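A.B. asks: Here's a structure for you.
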Amino acid sequence: MQVNASGVRTLAAVVAIALAAWMAATAVPTGELARYTGAALLLAAAAALLRPGPALLALAAVLIAHLFAGVERAGGPAFSAEELSLLAGWALLAAGATLLPRLAVAQQRSLVLPAVLLAGCALLLALTGQRHAFHPITRSSVYVPMADGTQLAVDWYLPRGLPDGEALPTIVTFTRYHRATAFRFPFNVLFSRSSGNRERLAAAGYASVVVDVRGAGASTGHREAEFSPEEVSDSVAIVDWILRQPWSNGVVGAEGVSYSATAAELLMLEAHPAVRAIAAQYALFDSYSEAALPGGLVNLSIAAGWQSMLQALDRNDPIPGLAGISARAWKGVAPVNGQEKLLQRALEEHEANRYIDLAAGAIEYRDARVDGRAGFLYAPAGRLERYRDSGTPLLLVSGWADGAYQLGALRKFRNRKAPATHLVIGPWNHGPGAVTDPCGGDLAYRGRRSDLTLPFFDHYLKGVDNGFDGQPAIRYFTYCADRWSYAEDWPPADQQRMLFFDGDTLAAEPPEGTQRHRLEDDRAATTGKTTRWRSLVAWQTPTRYPDRSDQAAHGLAWTGEPLDQELVVTGHPTVTVTVSSSARDAALFVYLEDVAPDGTVTYVTEGQLRLLHRATREDLYADYIPVRSFFRDDAAPLQPDTRYRIELGLYPVSYRFRAGHRIRLLLTRADADNFLPLTSGAGAPLHIHSGPDEPSLLALPVESAGLRRWDRGD
């Protein structure tokens, strides 16, 4: 029997067309990439098998199926420009597949390469365009006027096809870093303006709102200070605006990362009755001691990196460090739909924004005022009574390498009266995208915002009985143990191990005689350029501390004996030292480290203090370690021939020292890559004293073996 080759080709093409139409239609509601890929390739194959006329009919059949599915999904012809460009890409793909074999047969080789490029570009357009064209979410934008005439740029996202009259709980975010980014062509086709977090919120049944705060992004006005009273008042007005929208059911939550998280907490302190839950991730409590001037020393990442980033964003310029294709793709903040002229006015008003020049020494004290504004008192720690009295459910998330923000999260936990306070501290830096466990491990996972926030919001905004309120108050990861643990209070460690300075050893007993150690002002000491402090600005840079065995040459080190069994330190290690100096001021950096049997030294945690700021205060807020004043009136220069007893709390951590390893404590006078050096006291040595009556020592909070554990499957 003779087989008709033309008939076989036609039959194969028809089957391919049917499969392509089915895959396209079923992919539309979910935006599933694999189905779009299969549909596009099947369509190209069918077009290659058919003559030009039937190929065009095949293309039309698939596009019609696509369009019908989209209409059904959206409840009407709600197609965005991105969706139309996607369909155009499919058409070009089919055209290229139709022409390519004809050109090859006709030996028109000069046209083959353009046809291949046409088909390839169309495939890229079709497959990447679907990323944001067909996910189940719609974006709208508008300017919302404030009482003083400032116009805030607001975007809101809804599940696509939300029926008229159906209302949802809303989650709002206030950002300093542009609520949405505009891209240049052709990147505006390839990239989506909405984040994956927005898509997951929509899929979970939430409306979400993102706002450029006043004087930032596309919003008008200018900024006198970060977290100003006017900005907090704006957030309340935005909640009132949300309540007037037809898609709002009157229940509001707020969330954010970093700046946005603090803005959400400040909204919480306004006690708006519609605001029912707050998820604050990687957020500060005391902006002076946790971000700008830890220990009273200028944090270069904030003083230089963060300020440069803010100034660039306010000018609508690419942020420093953005280069190559990213810089060419970036166009600036996305304007409110149809309001490009108002965006230009907003950018002109941003020129009046005020910034604190930390690097120039404009700020030394917590109560310093710049242009009449006391900027550091606008953070949550400056509104302590409201923070204590707030009963709004609060989820706090941080990482052990999140600058000093994990200290801020624990301070919030300590100062809250409300039982609905939940805290998670993981193996992360300033965001969940980078794992910082120096030992790795299967449970040291990269997280997503919604992994933690959605169960929290589902319980407190929707009333879902998912047991969230019955979980332990605190969950934390232990470095080099590959395990998660939980506790109802902090710190969970129930023992304390004291190690005393004796010669160059950390000993179990104080020294028998008096000792004096000379700590030189070596400005070459550093923790490197990929530290916990850098992550506050360069959040996409992994936090990695190199082998620190060479840093002992820049300071003083005390090392313990090899451990006969593992030791889990969880909490706030503290160092108590007696110091003296002929200098009027000095910086002291303290590092807890892990020495492996091969001599490799691993960073564990740290603390620092400008000795001018050694005074403590008990009335600022409750803490687990001494709270420094940092007020101008409490600053006191060192006096010659005078000894000072200093108790310095290190940043909290949970870390397992393995058997056979040794504990090392290193003291230096500088961290060249992360903190601005002091100009006063340069060159004068700092003396560390230790003896039987006044020993210098390290106190470690140690876990017993009986604490309960959990893992991601719990």
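For the structure tokens, the naming scheme is as follows: chains receive sequential letters (A, B, ...) according to their order of presentation, residues are indexed from 1 within each chain, and ligands are indexed from 1 in presentation order.
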Name the residues in contact with Arg628 of chain A at a cut-off of 7 Å, using only C-alpha atoms, excluding same-chain residues fewer than 6 positions from it; report them as JSON, numbers by chain.

C.D. replies: {"A": [613, 614, 615, 616, 617]}

A.B. asks: Can you list, as a PyMOL selection string, every protein, DNA or RNA residue that comes within 9 Å of segment 691-695 of chain A when you count only C-alpha atoms, leaving out same-chain residues fewer than 5 positions away?

C.D. replies: chain A and resi 500-502+509-516+576-578+645

A.B. asks: Quick one: residues within 9 Å of Arg534 of chain A, only C-alpha atoms, excluding same-chain residues fewer than 2 positions away - as a list in words?

C.D. replies: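 Here the answer would be Leu300, Ser301, Ile302, Gly305, Gly403, Lys529, Thr530, Thr531, Arg532, Leu536, Val537, Ala538, Trp539, Thr541, Thr543 and Asn674 of chain A.
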
A.B. asks: Can you work out which one of A:Leu648, A:Ala203, A:Val464, A:Met498 has the shortest atom-to-atom distance to Ser450 of chain A, counting only C-alpha atoms?

C.D. replies: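 Among the listed residues, the smallest separation from Ser450 of chain A belongs to A:Ala203.
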
A.B. asks: Got a sec: who's within 7 Å of Arg475 of chain A, counting only C-alpha atoms, leaving out chain neighbours fewer than 4 positions off, as number ranges by chain?

C.D. replies: A: 423-425, 484-487

A.B. asks: Find the spatial neighbours of Ala659 of chain A, counting only C-alpha atoms, within a cut-off of 10 Å - ignore same-chain residues fewer than 2 positions away - and output them as a PDB file with N, CA, C and O atoms, in the first residue's frame.

C.D. replies:
ATOM      1  N   PRO A 562      40.904  22.742  73.369  1.00  0.00           N
ATOM      2  CA  PRO A 562      39.957  21.998  72.529  1.00  0.00           C
ATOM      3  C   PRO A 562      38.778  21.473  73.344  1.00  0.00           C
ATOM      4  O   PRO A 562      38.953  20.986  74.473  1.00  0.00           O
ATOM      5  N   LEU A 563      37.581  21.591  72.799  1.00  0.00           N
ATOM      6  CA  LEU A 563      36.381  21.152  73.504  1.00  0.00           C
ATOM      7  C   LEU A 563      36.297  19.630  73.502  1.00  0.00           C
ATOM      8  O   LEU A 563      36.515  18.988  72.462  1.00  0.00           O
ATOM      9  N   ASP A 564      35.961  19.057  74.637  1.00  0.00           N
ATOM     10  CA  ASP A 564      35.836  17.596  74.691  1.00  0.00           C
ATOM     11  C   ASP A 564      34.469  17.126  74.216  1.00  0.00           C
ATOM     12  O   ASP A 564      34.260  15.936  73.971  1.00  0.00           O
ATOM     13  N   GLN A 565      33.495  18.065  74.096  1.00  0.00           N
ATOM     14  CA  GLN A 565      32.192  17.759  73.519  1.00  0.00           C
ATOM     15  C   GLN A 565      31.621  19.026  72.906  1.00  0.00           C
ATOM     16  O   GLN A 565      32.104  20.126  73.177  1.00  0.00           O
ATOM     17  N   GLU A 566      30.597  18.868  72.069  1.00  0.00           N
ATOM     18  CA  GLU A 566      30.052  20.044  71.394  1.00  0.00           C
ATOM     19  C   GLU A 566      29.482  21.031  72.407  1.00  0.00           C
ATOM     20  O   GLU A 566      29.054  20.664  73.509  1.00  0.00           O
ATOM     21  N   LEU A 567      29.479  22.290  72.003  1.00  0.00           N
ATOM     22  CA  LEU A 567      28.971  23.364  72.852  1.00  0.00           C
ATOM     23  C   LEU A 567      28.077  24.255  71.990  1.00  0.00           C
ATOM     24  O   LEU A 567      28.531  24.814  70.987  1.00  0.00           O
ATOM     25  N   ALA A 596      39.123  25.714  64.187  1.00  0.00           N
ATOM     26  CA  ALA A 596      39.058  24.301  63.827  1.00  0.00           C
ATOM     27  C   ALA A 596      40.393  23.625  64.118  1.00  0.00           C
ATOM     28  O   ALA A 596      41.426  24.289  64.274  1.00  0.00           O
ATOM     29  N   PRO A 597      40.409  22.291  64.191  1.00  0.00           N
ATOM     30  CA  PRO A 597      41.675  21.590  64.440  1.00  0.00           C
ATOM     31  C   PRO A 597      42.760  21.895  63.421  1.00  0.00           C
ATOM     32  O   PRO A 597      43.952  21.840  63.754  1.00  0.00           O
ATOM     33  N   ARG A 656      26.885  26.183  67.032  1.00  0.00           N
ATOM     34  CA  ARG A 656      27.418  24.954  67.641  1.00  0.00           C
ATOM     35  C   ARG A 656      28.925  24.877  67.422  1.00  0.00           C
ATOM     36  O   ARG A 656      29.389  24.795  66.273  1.00  0.00           O
ATOM     37  N   PHE A 657      29.674  24.921  68.502  1.00  0.00           N
ATOM     38  CA  PHE A 657      31.103  24.622  68.455  1.00  0.00           C
ATOM     39  C   PHE A 657      31.255  23.105  68.559  1.00  0.00           C
ATOM     40  O   PHE A 657      30.801  22.493  69.532  1.00  0.00           O
ATOM     41  N   HIS A 661      37.081  21.522  68.530  1.00  0.00           N
ATOM     42  CA  HIS A 661      37.297  22.912  68.151  1.00  0.00           C
ATOM     43  C   HIS A 661      37.627  23.737  69.396  1.00  0.00           C
ATOM     44  O   HIS A 661      37.373  23.328  70.537  1.00  0.00           O
ATOM     45  N   ARG A 662      38.150  24.921  69.169  1.00  0.00           N
ATOM     46  CA  ARG A 662      38.497  25.821  70.264  1.00  0.00           C
ATOM     47  C   ARG A 662      37.779  27.152  70.085  1.00  0.00           C
ATOM     48  O   ARG A 662      37.500  27.576  68.956  1.00  0.00           O
TER      49      ARG A 662
END

A.B. asks: At a cut-off of 8 Å, using only C-alpha atoms, what residues contact segment 395-398 of chain A? Leave out same-chain residues fewer than 5 positions from it and give the result as a ChimeraX atom specification.

C.D. replies: /A:278-283,405-406,409,421-426,428-431,453,456

A.B. asks: Figure out the distance between atom CA of Ser580 of chain A and atom CA of His689 of chain A, please, to one decimal in Å.

C.D. replies: 8.0 Å

A.B. asks: Check the DSSP output for the backbone and give back, as a VMD selection string, the residues of segment 176-326 of chain A in alpha helix (DSSP H).

C.D. replies: chain A and resid 187 to 190 196 to 203 229 to 243 259 to 268 287 300 307 to 315 324 to 326
